[in-house]
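K.L.:
My structure is below; once you've seen it, I'll send some questions.
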Amino acid sequence: MFIDTFRRISVFQIPSLKKKTLFKSTQDSVLNSDIKAVKNCREWIISKTKNTFDNRRILGVVAAANKADSFLPYTIPKIIQQIADMGMKADIIIGLNHGFECPKVIEYFDLLPNIQITHLYTEAKPENNIPAKIFDNVECTGEPYFLDKFSPECSQHRIFFIHQKVSLHSSGKIRVLGDIYGSLLLNSIEKGWTPPEFLVTFDAETQFLLETKHQAIDSKLDTNSLMLIVNELKNSPQIDILSTRNKFAVYQKVMLDNMEILLPDFSQEVPPIQLFLNVVHGRFSGYKWNPGGGIVARTDVMISLLVIISERYPGIRVEDVHLSILAHHAGFNSDILLKAISINRSPKIGEITMNSSLKSAWMEQIYRWNSGCKALELRYGKHNISPIVDDGFPWFTITRSLDFLRALIEHNKINLPTIIKNVKFLAIALITSRQIRRKSSNNPDILQGSTAKAFW
C-alpha cells in the first residue's frame, strides 16, 4: 500500500518538479542575458574612454517630479557643498520628468555663487524604452547636446536641468533616467567626453549623513557621509559600488530663504515596517540592496547598469533593487557602509492616502515597493534575488537573534522603554507585511511591453 501511494504521489510530483526546473532555467537565462548586456555596455564605455576618468569632479544624477521642489532647495546645495568639502567640483544632472517644472528652485539656484546652470530639453520620447534625444534649445533643433571635456582652469560647479517633454511614453522615473543615461551620458562618451570617476545617485529628498553611537539627533544634519563613501572608494579600487544604509524618517515643514521646504524630523516615530527596515537594512541577507537614494559607484559600472535596465525594463519602479541584483550576479563588487545613511521620506503613522484600498500611506509605500520586487522575483527567480531582497519570513530574527537584538538596541541608543515599544511595533510590522505581501503577489508590476506602467 505504501509503495502504491508513493507511486501515485510521484506521478503528480515529477511533472511539477520538471516544470519548476524548466521555469528556473528560463529565469536563469533571462538573468544571464541581462548580465551579458551590462558587461558589453561597460566594455564599450571602457573602450571609448580608454579607461580614463576625471578625478576632479563628481557626477550626480537625480530624477525629479511632483513635490521635488519641497526638497531640492536644501538637498542640492548641501550635496554640492559636501563635494566641495572634498576639494572636488560637482556636475549635477536634474531630470525634470514629464513636464514637471520648478521655476522657484531654478531662480534660487541662479543666485548661488560659483554654480553654472545649463538648461537642456528632450524631444518626445519615441517609445517607453527608447531614450529621447536631448538638445540645448526648447525647439529641439540642430545637433543633440553632449557634455564636453571640462577645462582644468574652470572652477565652477555645474547643474544641468533636463526638461523632459510631455509625451505618451515620458511619465515615470525610469523613463527620465533612461533619457539621462541612455541619451545624454552615453552619447557624450561616444563624442569623446571624459566622465568623472565616480557617479552618485540620489533622490530629491536625499541627505547623506552619518549615524554613530550616542549621536544627538539634531547633529545628524551637519554630517557628511558622502565624503566617507568617496574616500573609501578611492582607497579601495576593488569596490565598484558603495552605498549608504537606507533610513526612513518623517519630514516636517521649515522655512528656507522665504521658501517652504521639507526636512527630516528624527524625533517623530516612523511606521512599523519602515522601523523594521531601518533596523535590518544592510545588516542581514535579503536586505542588502543598494538604495537609489544614496549610491556612489564607478561611473562606467553605474551607466552600464542603468542603460540596460531603462532599455529593457521601462516598467521598473525599484531600479535600485534591480541594479543591486544585476551587479551581484555580474561580479561587480558592491557593499553598504553601515554608518553612512541616506534619508528616505516616510509617511506619518496616521497619514491617509485616498488612492489605495490600503488607506494608510505607510502601507501603500511598502506595497508599491513589494509589487516592484515581486516582478523581479518572477523575472529572475527567487533563488537569484533572495541574497539581495527577500520578502519571506525574516528567519534571522530567530537564527541570529542576538545580532538582531544588538541592531535594535543600537537603533534605539540603549533606550529600554523605546526598545520594548518598538518590539511591539515590529510584531505589527510582521503581521501587516504578510497582508501587503499577499496583495502585491497578486498585482506584480509589469516590467516590459506597451502595458508597462509609469511609476514613481
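Each chain in the C-alpha cells gets a letter, A, B, ..., in the order shown, and its residues are numbered from 1; ligands are numbered from 1 in order too.
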Can you pull out the residues contacting region 326-331 of chain A? Cut-off 9 Å, using only C-alpha atoms, and skip same-chain residues under 4 positions away; I want them as a list in words.
P.N.:
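Within the cut-off, the hits are Leu31, Asn32, Asp34, Ile35, Lys36, Val38, Lys39, Ile241, Val301, Leu305, Val321, His322, Asn384 and Ile388 of chain A.
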K.L.:
Restricting the output to all heavy atoms, write the selected residues as a compact mmCIF listing (two decimals), in the first residue's frame.
P.N.:
```txt
# COMPACT_ATOMS: atom_id res chain seq x y z
N LEU A 31 18.27 36.28 -16.73
CA LEU A 31 19.26 36.99 -15.92
C LEU A 31 20.61 37.03 -16.62
O LEU A 31 21.26 38.09 -16.69
CB LEU A 31 19.39 36.31 -14.55
CG LEU A 31 20.45 36.88 -13.61
CD1 LEU A 31 20.17 38.34 -13.27
CD2 LEU A 31 20.52 36.05 -12.32
N ASN A 32 21.03 35.91 -17.18
CA ASN A 32 22.33 35.85 -17.85
C ASN A 32 22.37 36.76 -19.08
O ASN A 32 23.40 37.37 -19.38
CB ASN A 32 22.65 34.41 -18.26
CG ASN A 32 22.98 33.54 -17.06
OD1 ASN A 32 23.46 34.03 -16.04
ND2 ASN A 32 22.71 32.24 -17.17
N ASP A 34 20.69 39.59 -19.41
CA ASP A 34 20.82 40.96 -18.91
C ASP A 34 22.24 41.24 -18.42
O ASP A 34 22.78 42.33 -18.64
CB ASP A 34 19.81 41.20 -17.77
CG ASP A 34 18.38 41.26 -18.27
OD1 ASP A 34 18.17 41.38 -19.50
OD2 ASP A 34 17.45 41.18 -17.44
N ILE A 35 22.83 40.26 -17.75
CA ILE A 35 24.20 40.42 -17.27
C ILE A 35 25.17 40.62 -18.43
O ILE A 35 26.05 41.49 -18.40
CB ILE A 35 24.62 39.20 -16.43
CG1 ILE A 35 23.86 39.18 -15.10
CG2 ILE A 35 26.12 39.21 -16.18
CD1 ILE A 35 24.03 37.89 -14.33
N LYS A 36 24.98 39.82 -19.49
CA LYS A 36 25.84 39.93 -20.67
C LYS A 36 25.72 41.32 -21.29
O LYS A 36 26.73 41.94 -21.68
CB LYS A 36 25.47 38.86 -21.69
CG LYS A 36 26.36 38.87 -22.92
CD LYS A 36 25.97 37.76 -23.89
CE LYS A 36 26.87 37.79 -25.13
NZ LYS A 36 26.49 36.72 -26.10
N VAL A 38 24.87 44.13 -19.78
CA VAL A 38 25.52 45.10 -18.88
C VAL A 38 27.03 45.07 -19.07
O VAL A 38 27.69 46.11 -19.19
CB VAL A 38 25.16 44.80 -17.41
CG1 VAL A 38 26.04 45.61 -16.46
CG2 VAL A 38 23.69 45.11 -17.14
N LYS A 39 27.59 43.87 -19.13
CA LYS A 39 29.04 43.74 -19.29
C LYS A 39 29.50 44.29 -20.64
O LYS A 39 30.55 44.95 -20.73
CB LYS A 39 29.46 42.28 -19.14
CG LYS A 39 29.37 41.76 -17.71
CD LYS A 39 29.86 40.32 -17.62
CE LYS A 39 29.92 39.85 -16.18
NZ LYS A 39 30.40 38.45 -16.08
N ILE A 241 30.77 49.50 -6.29
CA ILE A 241 29.57 50.20 -5.83
C ILE A 241 29.58 50.23 -4.32
O ILE A 241 29.75 49.19 -3.66
CB ILE A 241 28.28 49.49 -6.31
CG1 ILE A 241 28.24 49.41 -7.84
CG2 ILE A 241 27.04 50.20 -5.79
CD1 ILE A 241 27.10 48.54 -8.37
N VAL A 301 30.42 51.54 -14.35
CA VAL A 301 29.55 50.48 -13.81
C VAL A 301 28.11 50.97 -13.73
O VAL A 301 27.17 50.30 -14.19
CB VAL A 301 30.04 50.03 -12.42
CG1 VAL A 301 29.03 49.10 -11.76
CG2 VAL A 301 31.38 49.32 -12.54
N LEU A 305 24.75 49.69 -15.97
CA LEU A 305 23.60 49.07 -15.31
C LEU A 305 22.30 49.79 -15.66
O LEU A 305 21.31 49.16 -16.06
CB LEU A 305 23.80 49.07 -13.79
CG LEU A 305 24.81 48.06 -13.23
CD1 LEU A 305 25.18 48.42 -11.80
CD2 LEU A 305 24.24 46.64 -13.30
N VAL A 321 16.94 48.21 -6.43
CA VAL A 321 16.97 46.78 -6.15
C VAL A 321 17.42 46.02 -7.40
O VAL A 321 18.23 45.09 -7.33
CB VAL A 321 15.59 46.28 -5.69
CG1 VAL A 321 15.59 44.76 -5.48
CG2 VAL A 321 15.16 46.99 -4.41
N HIS A 322 16.90 46.45 -8.54
CA HIS A 322 17.23 45.80 -9.81
C HIS A 322 18.73 45.86 -10.10
O HIS A 322 19.37 44.85 -10.41
CB HIS A 322 16.44 46.48 -10.93
CG HIS A 322 16.32 45.65 -12.17
ND1 HIS A 322 15.37 45.87 -13.14
CD2 HIS A 322 17.05 44.60 -12.62
CE1 HIS A 322 15.52 44.99 -14.11
NE2 HIS A 322 16.53 44.22 -13.82
N ASN A 384 17.54 33.62 -7.33
CA ASN A 384 18.56 34.57 -7.80
C ASN A 384 18.52 35.92 -7.10
O ASN A 384 19.50 36.66 -7.14
CB ASN A 384 18.41 34.78 -9.32
CG ASN A 384 18.96 33.63 -10.12
OD1 ASN A 384 19.98 33.05 -9.78
ND2 ASN A 384 18.26 33.27 -11.20
N ILE A 388 19.75 39.49 -2.09
CA ILE A 388 19.62 40.94 -2.12
C ILE A 388 18.30 41.40 -1.50
O ILE A 388 18.26 42.32 -0.68
CB ILE A 388 19.72 41.46 -3.57
CG1 ILE A 388 21.00 40.98 -4.24
CG2 ILE A 388 19.61 42.98 -3.61
CD1 ILE A 388 22.26 41.43 -3.56
```
K.L.:
Where in region 219-387 of chain A does DSSP assign strand (DSSP E or B), given as JSON, numbers by chain?
P.N.:
{"A": [241, 242, 243, 244, 245, 246, 247, 248, 249, 250, 251, 252, 253, 254, 255, 256, 259, 260, 261, 262, 263, 264, 265, 287, 295, 296, 297, 298, 334, 335, 336, 337, 338, 339, 340, 341, 342, 343, 344, 345, 346, 352, 360]}
K.L.:
My list of candidates is A:Asp179, A:Glu364, A:Glu351, A:Glu123. Which is closest to Ile303 (chain A) when distances are computed with only C-alpha atoms?
P.N.:
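Checking each of A:Asp179, A:Glu364, A:Glu351, A:Glu123 against Ile303 (chain A), counting only C-alpha atoms, the winner is A:Asp179.
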K.L.:
Which polymer residues have any atom within 7 Å of an atom of Ile349 (chain A), counting only C-alpha atoms, with same-chain residues fewer than 2 positions away left out, as a list in words?
P.N.:
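Those residues are Val270, Pro271, Pro347, Glu351 and Trp362 of chain A.
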K.L.:
Neighbouring residues of Asp300 (chain A) were defined as those with any atom within 8 Å, considering only C-alpha atoms; residues of the same chain fewer than 5 positions away were excluded. Please report them as an MDAnalysis selection string.
P.N.:
chainID A and resid 42 45:46
K.L.:
Name the closest residue to Gly293 (chain A) among the candidates A:Glu143, A:Asp320, A:Asp85, A:Glu197; distances are taken between atoms, counting only C-alpha atoms.
P.N.:
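The shortest atom-to-atom distance to Gly293 (chain A) comes from A:Asp320.
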K.L.:
So which residues of region 65-274 of chain A fall under helix (DSSP H, G or I) by DSSP, listed as a VMD selection string?
P.N.:
chain A and resid 68 to 70 72 to 84 97 to 99 103 to 110 173 to 190 217 to 222 225 to 235 272 to 274
K.L.:
Restrict the calculation to only C-alpha atoms, then for each residue of region 207-309 of chain A with any atom at most 12 Å from an atom of region 100-119 of chain A give the closest atom pair and their distance in Å to one decimal, rows by chain and rising residue number, as a tab-separated table.
P.N.:
```
residue	atom	partner	partner_atom	distance
A:Leu256	CA	A:Tyr108	CA	10.6
A:Asp257	CA	A:Tyr108	CA	9.1
A:Asn258	CA	A:Tyr108	CA	10.6
A:Met259	CA	A:Lys104	CA	8.7
A:Glu260	CA	A:Lys104	CA	11.0
A:Ile261	CA	A:Val105	CA	10.7
```
K.L.:
Any idea what's packed within 10 Å of Leu186 (chain A), counting only C-alpha atoms, ignoring anything in its chain fewer than 5 positions away? Could you give it as an mmCIF file with N, CA and C atoms, in the first residue's frame?
P.N.:
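Ended up saving to around-v3.cif:
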```cif
data_model
loop_
_atom_site.group_PDB
_atom_site.id
_atom_site.type_symbol
_atom_site.label_atom_id
_atom_site.label_comp_id
_atom_site.auth_asym_id
_atom_site.auth_seq_id
_atom_site.Cartn_x
_atom_site.Cartn_y
_atom_site.Cartn_z
ATOM 1 N N CYS A 41 28.047 46.641 -22.361
ATOM 2 C CA CYS A 41 27.949 48.101 -22.291
ATOM 3 C C CYS A 41 29.142 48.678 -21.539
ATOM 4 N N TRP A 44 32.201 48.635 -23.675
ATOM 5 C CA TRP A 44 32.149 49.700 -24.679
ATOM 6 C C TRP A 44 32.575 51.031 -24.063
ATOM 7 N N ILE A 45 32.089 51.315 -22.851
ATOM 8 C CA ILE A 45 32.446 52.563 -22.163
ATOM 9 C C ILE A 45 33.947 52.612 -21.891
ATOM 10 N N PHE A 146 25.756 67.297 -26.143
ATOM 11 C CA PHE A 146 26.568 66.332 -25.399
ATOM 12 C C PHE A 146 27.519 67.086 -24.484
ATOM 13 N N LEU A 147 27.878 66.456 -23.391
ATOM 14 C CA LEU A 147 28.804 67.041 -22.428
ATOM 15 C C LEU A 147 30.197 67.061 -23.039
ATOM 16 N N ASP A 179 16.531 58.621 -20.386
ATOM 17 C CA ASP A 179 16.997 59.722 -21.233
ATOM 18 C C ASP A 179 18.356 60.236 -20.767
ATOM 19 N N ILE A 180 18.562 60.297 -19.454
ATOM 20 C CA ILE A 180 19.837 60.801 -18.925
ATOM 21 C C ILE A 180 20.973 59.832 -19.235
ATOM 22 N N TYR A 181 20.785 58.566 -18.870
ATOM 23 C CA TYR A 181 21.867 57.591 -19.012
ATOM 24 C C TYR A 181 22.027 57.119 -20.458
ATOM 25 N N LYS A 191 31.030 60.874 -28.073
ATOM 26 C CA LYS A 191 31.633 62.061 -28.675
ATOM 27 C C LYS A 191 32.986 62.428 -28.057
ATOM 28 N N TRP A 193 33.679 62.634 -24.523
ATOM 29 C CA TRP A 193 33.645 63.185 -23.163
ATOM 30 C C TRP A 193 34.343 62.251 -22.184
ATOM 31 N N ILE A 303 26.564 53.566 -15.214
ATOM 32 C CA ILE A 303 25.948 53.862 -16.510
ATOM 33 C C ILE A 303 25.539 52.575 -17.207
ATOM 34 N N SER A 304 26.406 51.581 -17.216
ATOM 35 C CA SER A 304 26.090 50.331 -17.905
ATOM 36 C C SER A 304 24.877 49.642 -17.287
ATOM 37 N N VAL A 307 21.622 51.973 -18.102
ATOM 38 C CA VAL A 307 21.295 51.966 -19.530
ATOM 39 C C VAL A 307 20.511 50.701 -19.880
#
```
K.L.:
Quick one: residues within 8 Å of Val62 (chain A), only C-alpha atoms, excluding same-chain residues fewer than 2 positions away - as a ChimeraX atom specification?
P.N.:
/A:60,64,92-95,201-204
K.L.:
Do a neighbour search on Met363 (chain A) at 9 Å with only C-alpha atoms, toss out local chain neighbours closer than 5 positions, and write the hits as a PyMOL selection string.
P.N.:
chain A and resi 271+273+358+368+432-433+436
K.L.:
Could you tell me which of A:Asn278, A:Lys24, A:Leu306, A:Val200 comes closest to Phe404 (chain A) if we count only C-alpha atoms?
P.N.:
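Closest residue, counting only C-alpha atoms: A:Asn278.
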K.L.:
Which distance in Å separates CA of Ile83 (chain A) and CA of Pro195 (chain A), to one decimal?
P.N.:
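Distance between the two atoms: 16.1 Å.
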